[in-house]
Amino acid sequence: MTDTTPGFDTQAVHAGQAFDPTTGAVIPPVHFSTTYAQDGIGGLREGYEYGRSGNPTRTALETQLAALERGRHGLSFASGLAAEDALLRAVLRPGDEVLLGSDVYGGTYRLIARILGPWGVRLRVVDMSDLAAVASALSERPARIVWVETPSNPLLRITDIAGLARLGHDAGALVVVDNTFASPALQQPLALGADVVVHSTTKYLGGHSDVVGGALVLSDDEVYEQAKFLQFAAGAVSGPLDAWLTTRGVKTLGIRMQRHSENALAVASFLESHERVARVYYPGLPSHPGHELAARQMSAFGGIVSVALADAATARRFAESTKLFTLAESLGGVESLVNYPDAMTHASVRGTELAVPEEVVRLSVGIESVDDLVRDLDQTLTSL
């Protein structure tokens, strides 16, 4: 290794992954112990005393995630929502306000509106892809947090992270980017000016639909200490096996995201040309309004494609008729999934300004042979 910063794939394989000094095992062991021997009262070895406050396997994952997002600190949680909850409760106080993107995961909205709302946290919604609208909202009333997903879930809106960061910082807000859809393999928001990156590591970071988790990555020491305290005090930490499974998935993140992106572009191009498809949402298509911006701030366009069909009934039939695309919640695994957001992942925002159009179906395009994926979609559309 030289003094230069290692490449992304090198970091994914090696950050936090030093071989075991006792046995020489190339893969670090999974530490299941819940408690640690002390060399006298308060004499902690490497800072470990109890599994909730720290675990070497979790530390390795947190080091790995921080390196990939180019942040100083990483924190690993039991779920993406647990990570969000720790950050929000660490930063917010009753009376504070969150300015939230108008196209985000339904669980994020539910957490802020229904859990933190009764505690006194206020919420406003704005189209984050429209920086003029964001500037207007912030000038009307300040926000403690500006929260965005880009690409967004499920309509794949693209937000200018650097521009949003400038607006947020000028207004005294903490700028949080949910980077779950892109992953650090395709986009690194901290390098573009964001303050905190949030992940559902269940998705692309884990990558195999076999582990639930969440993470925060940031460089601000004060916010890190506040969030780390909540991680310890509230206890929603990732278990050692969950952390190890996530680390194993992360090691192949770069090559998986390349294949996801290639397959998704082929699927989106096919769908855009199909007579039974009303609209395709995918930033890799030149017709997407955020295509040029996505090309500047992302290295590829990701594995999520959303599609609008003729109406809600047609969309539901489509989602229930695919063969290779499995009807299921979640996304980001190696297998292809189909989801009907209105009644599944985004049911909690029905009737709100974040409601997903009923004719929209979301595809998580996996790493299978792309000809098979296209054939499945073609047969499904033809049968409608």
# chains A, B, ... in the order shown; residues from 1 in each chain; ligands from 1
call {"tool": "residues_around", "arguments": {"residues": "Ser261 in chain A", "least_positions_apart": "3", "cutoff": "7 Å", "atoms": "only C-alpha atoms", "output": "count of residues only"}}
result
8
call {"tool": "residues_around", "arguments": {"residues": "Leu384 in chain A", "least_positions_apart": "4", "cutoff": "9 Å", "atoms": "only C-alpha atoms", "output": "list in words"}}
result
Arg276, Thr314, Arg317, Phe318, Ser321, Gln379 and Thr380 of chain A
call {"tool": "residues_around", "arguments": {"residues": "Arg279 in chain A", "least_positions_apart": "4", "cutoff": "9 Å", "atoms": "only C-alpha atoms", "output": "ChimeraX atom specification"}}
result
/A:271-272,306-309,360
call {"tool": "closest_atom_pairs", "arguments": {"of": "range 157-201 of chain A", "to": "range 217-238 of chain A", "cutoff": "8 Å", "atoms": "only C-alpha atoms", "output": "JSON lines"}}
result
{"residue": "A:Leu190", "atom": "CA", "partner": "A:Leu218", "partner_atom": "CA", "distance": 7.4}
{"residue": "A:Asp195", "atom": "CA", "partner": "A:Leu218", "partner_atom": "CA", "distance": 6.2}
{"residue": "A:Val196", "atom": "CA", "partner": "A:Leu218", "partner_atom": "CA", "distance": 4.8}
{"residue": "A:Val197", "atom": "CA", "partner": "A:Val217", "partner_atom": "CA", "distance": 5.1}
{"residue": "A:Val198", "atom": "CA", "partner": "A:Val217", "partner_atom": "CA", "distance": 6.7}
call {"tool": "closest_residue", "arguments": {"among": "A:Ser152, A:Ser79, A:Thr10, A:Thr57", "to": "Val104 in chain A", "atoms": "only C-alpha atoms"}}
result
A:Ser152
call {"tool": "closest_residue", "arguments": {"among": "A:Leu61, A:Leu156, A:Ala313, A:Leu293", "to": "His14 in chain A", "atoms": "only C-alpha atoms"}}
result
A:Leu61
call {"tool": "atom_distance", "arguments": {"atom1": "CA of Thr59 in chain A", "atom2": "CA of Gly207 in chain A"}}
result
19.7 Å
call {"tool": "closest_residue", "arguments": {"among": "A:Leu68, A:Val30, A:Ala295, A:Ile304", "to": "Gly254 in chain A", "atoms": "only C-alpha atoms"}}
result
A:Leu68
call {"tool": "closest_residue", "arguments": {"among": "A:Phe8, A:Tyr109, A:Phe77, A:Trp244", "to": "His199 in chain A", "atoms": "only C-alpha atoms"}}
result
A:Phe77
call {"tool": "residues_around", "arguments": {"residues": "Gly80 in chain A", "least_positions_apart": "5", "cutoff": "6 Å", "atoms": "only C-alpha atoms", "output": "PyMOL selection string"}}
result
chain A and resi 199-200+213-214
call {"tool": "write_last_selection", "arguments": {"atoms": "C-alpha atoms", "output": "PDB file, in the first residue's frame"}}
result
ATOM      1  CA  HIS A 199     -28.353   3.706   5.378  1.00  0.00           C
ATOM      2  CA  SER A 200     -30.650   0.786   5.615  1.00  0.00           C
ATOM      3  CA  GLY A 213     -29.451  -3.391   9.810  1.00  0.00           C
ATOM      4  CA  GLY A 214     -28.894   0.338   9.612  1.00  0.00           C
TER       5      GLY A 214
END
call {"tool": "residues_around", "arguments": {"residues": "Ala191 in chain A", "least_positions_apart": "2", "cutoff": "10 Å", "atoms": "only C-alpha atoms", "output": "MDAnalysis selection string"}}
result
chainID A and resid 69:71 161:162 187:189 193:195
call {"tool": "select_by_dssp", "arguments": {"residues": "range 63-264 of chain A", "states": "alpha helix (DSSP H)", "output": "PyMOL selection string"}}
result
chain A and resi 63-68+80-91+106-110+131-140+161-170+221-234+240-250+253-264
call {"tool": "write_last_selection", "arguments": {"atoms": "C-alpha atoms", "output": "compact mmCIF listing (two decimals), in the first residue's frame"}}
result
# COMPACT_ATOMS: atom_id res chain seq x y z
CA THR A 63 -14.78 1.28 10.43
CA GLN A 64 -15.56 -0.25 7.05
CA LEU A 65 -18.67 1.90 6.51
CA ALA A 66 -16.91 5.12 7.52
CA ALA A 67 -14.11 4.41 5.06
CA LEU A 68 -16.52 3.77 2.17
CA GLY A 80 -32.33 1.50 9.26
CA LEU A 81 -35.15 3.02 11.29
CA ALA A 82 -33.18 2.47 14.51
CA ALA A 83 -30.33 4.46 12.95
CA GLU A 84 -32.73 7.22 11.92
CA ASP A 85 -34.34 7.29 15.35
CA ALA A 86 -31.01 7.63 17.14
CA LEU A 87 -29.95 10.51 14.91
CA LEU A 88 -33.27 12.33 15.18
CA ARG A 89 -33.46 12.02 18.96
CA ALA A 90 -29.82 13.00 19.34
CA VAL A 91 -30.25 16.22 17.37
CA GLY A 106 -42.84 5.66 4.23
CA GLY A 107 -41.25 4.44 7.45
CA THR A 108 -39.17 7.62 7.73
CA TYR A 109 -42.28 9.78 7.49
CA ARG A 110 -44.10 7.53 9.99
CA LEU A 131 -33.87 23.86 -4.84
CA ALA A 132 -35.90 27.03 -5.30
CA ALA A 133 -38.74 25.42 -3.34
CA VAL A 134 -36.28 24.35 -0.63
CA ALA A 135 -34.84 27.88 -0.41
CA SER A 136 -38.34 29.32 -0.12
CA ALA A 137 -39.29 26.86 2.62
CA LEU A 138 -36.14 27.61 4.62
CA SER A 139 -36.60 31.37 4.28
CA GLU A 140 -40.18 31.06 5.47
CA ILE A 161 -26.64 17.33 -2.83
CA ALA A 162 -24.03 20.08 -3.00
CA GLY A 163 -26.68 22.72 -3.70
CA LEU A 164 -28.93 21.41 -0.94
CA ALA A 165 -26.01 21.40 1.50
CA ARG A 166 -25.29 25.05 0.79
CA LEU A 167 -28.91 26.01 1.34
CA GLY A 168 -29.19 23.96 4.49
CA HIS A 169 -25.98 25.25 6.02
CA ASP A 170 -26.83 28.86 5.21
CA ASP A 221 -17.52 14.86 16.31
CA GLU A 222 -20.30 16.41 18.42
CA VAL A 223 -23.18 14.87 16.50
CA TYR A 224 -21.32 11.56 16.48
CA GLU A 225 -20.97 11.56 20.28
CA GLN A 226 -24.65 12.42 20.68
CA ALA A 227 -25.76 9.64 18.32
CA LYS A 228 -23.31 7.15 19.83
CA PHE A 229 -24.73 7.87 23.27
CA LEU A 230 -28.24 7.09 21.97
CA GLN A 231 -26.89 3.92 20.35
CA PHE A 232 -25.59 2.83 23.76
CA ALA A 233 -28.34 4.19 25.97
CA ALA A 234 -31.33 3.04 23.89
CA PRO A 240 -22.33 -9.60 16.04
CA LEU A 241 -23.59 -12.05 13.40
CA ASP A 242 -25.65 -9.31 11.74
CA ALA A 243 -22.60 -7.07 11.67
CA TRP A 244 -20.45 -9.85 10.21
CA LEU A 245 -23.00 -10.70 7.51
CA THR A 246 -23.18 -7.02 6.55
CA THR A 247 -19.39 -6.78 6.38
CA ARG A 248 -19.28 -9.84 4.14
CA GLY A 249 -21.86 -8.28 1.83
CA VAL A 250 -20.02 -4.95 1.71
CA LEU A 253 -20.64 -4.05 -3.03
CA GLY A 254 -18.71 -2.42 -5.89
CA ILE A 255 -19.05 -5.28 -8.35
CA ARG A 256 -22.65 -5.95 -7.36
CA MET A 257 -23.68 -2.32 -7.89
CA GLN A 258 -22.08 -2.36 -11.32
CA ARG A 259 -24.19 -5.37 -12.32
CA HIS A 260 -27.34 -3.99 -10.68
CA SER A 261 -26.89 -0.74 -12.63
CA GLU A 262 -26.23 -2.46 -15.96
CA ASN A 263 -29.28 -4.69 -15.59
CA ALA A 264 -31.51 -1.84 -14.41
call {"tool": "select_by_dssp", "arguments": {"residues": "range 161-348 of chain A", "states": "strand (DSSP E or B)", "output": "JSON, numbers by chain"}}
result
{"A": [174, 175, 176, 177, 178, 196, 197, 198, 199, 200, 214, 215, 216, 217, 218, 237, 279, 280, 281, 304, 305, 306, 307, 308, 326, 327, 337, 338, 339]}
call {"tool": "write_last_selection", "arguments": {"atoms": "N, CA and C atoms", "output": "mmCIF file, in the first residue's frame"}}
result
data_model
loop_
_atom_site.group_PDB
_atom_site.id
_atom_site.type_symbol
_atom_site.label_atom_id
_atom_site.label_comp_id
_atom_site.auth_asym_id
_atom_site.auth_seq_id
_atom_site.Cartn_x
_atom_site.Cartn_y
_atom_site.Cartn_z
ATOM 1 N N LEU A 174 -28.848 20.933 9.794
ATOM 2 C CA LEU A 174 -28.060 19.731 9.575
ATOM 3 C C LEU A 174 -28.617 19.043 8.331
ATOM 4 N N VAL A 175 -27.765 18.729 7.368
ATOM 5 C CA VAL A 175 -28.213 18.138 6.105
ATOM 6 C C VAL A 175 -27.948 16.633 6.128
ATOM 7 N N VAL A 176 -29.025 15.858 6.050
ATOM 8 C CA VAL A 176 -28.965 14.405 6.146
ATOM 9 C C VAL A 176 -29.372 13.810 4.805
ATOM 10 N N VAL A 177 -28.568 12.890 4.300
ATOM 11 C CA VAL A 177 -28.868 12.225 3.034
ATOM 12 C C VAL A 177 -29.022 10.730 3.279
ATOM 13 N N ASP A 178 -30.173 10.196 2.938
ATOM 14 C CA ASP A 178 -30.371 8.746 2.924
ATOM 15 C C ASP A 178 -29.777 8.230 1.617
ATOM 16 N N VAL A 196 -24.562 14.175 7.379
ATOM 17 C CA VAL A 196 -24.779 12.810 7.854
ATOM 18 C C VAL A 196 -25.320 11.966 6.707
ATOM 19 N N VAL A 197 -24.842 10.743 6.613
ATOM 20 C CA VAL A 197 -25.385 9.767 5.674
ATOM 21 C C VAL A 197 -26.103 8.680 6.472
ATOM 22 N N VAL A 198 -27.296 8.332 6.021
ATOM 23 C CA VAL A 198 -28.098 7.277 6.640
ATOM 24 C C VAL A 198 -28.204 6.112 5.660
ATOM 25 N N HIS A 199 -28.165 4.906 6.202
ATOM 26 C CA HIS A 199 -28.353 3.706 5.378
ATOM 27 C C HIS A 199 -29.279 2.713 6.050
ATOM 28 N N SER A 200 -30.125 2.091 5.251
ATOM 29 C CA SER A 200 -30.650 0.786 5.615
ATOM 30 C C SER A 200 -29.646 -0.210 5.053
ATOM 31 N N GLY A 214 -28.912 -1.063 10.005
ATOM 32 C CA GLY A 214 -28.894 0.338 9.612
ATOM 33 C C GLY A 214 -27.595 0.977 10.037
ATOM 34 N N ALA A 215 -27.306 2.147 9.506
ATOM 35 C CA ALA A 215 -26.040 2.799 9.830
ATOM 36 C C ALA A 215 -26.142 4.303 9.678
ATOM 37 N N LEU A 216 -25.290 4.997 10.427
ATOM 38 C CA LEU A 216 -25.019 6.418 10.260
ATOM 39 C C LEU A 216 -23.536 6.570 9.978
ATOM 40 N N VAL A 217 -23.197 7.471 9.056
ATOM 41 C CA VAL A 217 -21.800 7.832 8.812
ATOM 42 C C VAL A 217 -21.727 9.349 8.801
ATOM 43 N N LEU A 218 -20.740 9.898 9.525
ATOM 44 C CA LEU A 218 -20.621 11.345 9.634
ATOM 45 C C LEU A 218 -19.202 11.701 10.046
ATOM 46 N N VAL A 237 -28.592 -1.825 18.878
ATOM 47 C CA VAL A 237 -27.333 -2.104 18.183
ATOM 48 C C VAL A 237 -27.473 -3.321 17.279
ATOM 49 N N ARG A 279 -45.088 5.266 -18.066
ATOM 50 C CA ARG A 279 -43.909 6.072 -17.721
ATOM 51 C C ARG A 279 -42.898 5.208 -16.980
ATOM 52 N N VAL A 280 -41.630 5.491 -17.214
ATOM 53 C CA VAL A 280 -40.554 4.799 -16.499
ATOM 54 C C VAL A 280 -39.767 5.832 -15.696
ATOM 55 N N TYR A 281 -39.519 5.512 -14.433
ATOM 56 C CA TYR A 281 -38.713 6.369 -13.555
ATOM 57 C C TYR A 281 -37.354 5.692 -13.358
ATOM 58 N N ILE A 304 -32.692 0.355 -9.026
ATOM 59 C CA ILE A 304 -34.134 0.507 -8.822
ATOM 60 C C ILE A 304 -34.777 1.176 -10.022
ATOM 61 N N VAL A 305 -35.823 0.565 -10.533
ATOM 62 C CA VAL A 305 -36.612 1.106 -11.638
ATOM 63 C C VAL A 305 -38.072 1.120 -11.193
ATOM 64 N N SER A 306 -38.722 2.250 -11.300
ATOM 65 C CA SER A 306 -40.160 2.313 -11.036
ATOM 66 C C SER A 306 -40.890 2.564 -12.344
ATOM 67 N N VAL A 307 -42.097 2.052 -12.416
ATOM 68 C CA VAL A 307 -42.842 2.120 -13.676
ATOM 69 C C VAL A 307 -44.300 2.437 -13.383
ATOM 70 N N ALA A 308 -44.871 3.328 -14.181
ATOM 71 C CA ALA A 308 -46.297 3.642 -14.093
ATOM 72 C C ALA A 308 -47.035 2.903 -15.193
ATOM 73 N N THR A 326 -39.798 -11.514 -7.777
ATOM 74 C CA THR A 326 -40.607 -11.994 -6.667
ATOM 75 C C THR A 326 -41.344 -10.831 -6.007
ATOM 76 N N LEU A 327 -42.646 -11.008 -5.771
ATOM 77 C CA LEU A 327 -43.433 -9.985 -5.078
ATOM 78 C C LEU A 327 -43.046 -9.990 -3.612
ATOM 79 N N LEU A 337 -36.851 -8.208 -7.261
ATOM 80 C CA LEU A 337 -38.112 -8.121 -6.527
ATOM 81 C C LEU A 337 -39.037 -7.120 -7.207
ATOM 82 N N VAL A 338 -40.336 -7.323 -7.028
ATOM 83 C CA VAL A 338 -41.339 -6.361 -7.472
ATOM 84 C C VAL A 338 -42.170 -5.968 -6.257
ATOM 85 N N ASN A 339 -42.507 -4.687 -6.178
ATOM 86 C CA ASN A 339 -43.203 -4.152 -5.014
ATOM 87 C C ASN A 339 -44.275 -3.172 -5.485
#
call {"tool": "closest_residue", "arguments": {"among": "A:Asn153, A:Thr4, A:Asn55, A:Ser33", "to": "Asp342 in chain A", "atoms": "only C-alpha atoms"}}
result
A:Asn153
call {"tool": "atom_distance", "arguments": {"atom1": "CA of Leu373 in chain A", "atom2": "CA of Thr201 in chain A"}}
result
24.8 Å
call {"tool": "atom_distance", "arguments": {"atom1": "CA of Gly120 in chain A", "atom2": "CA of His346 in chain A"}}
result
23.7 Å
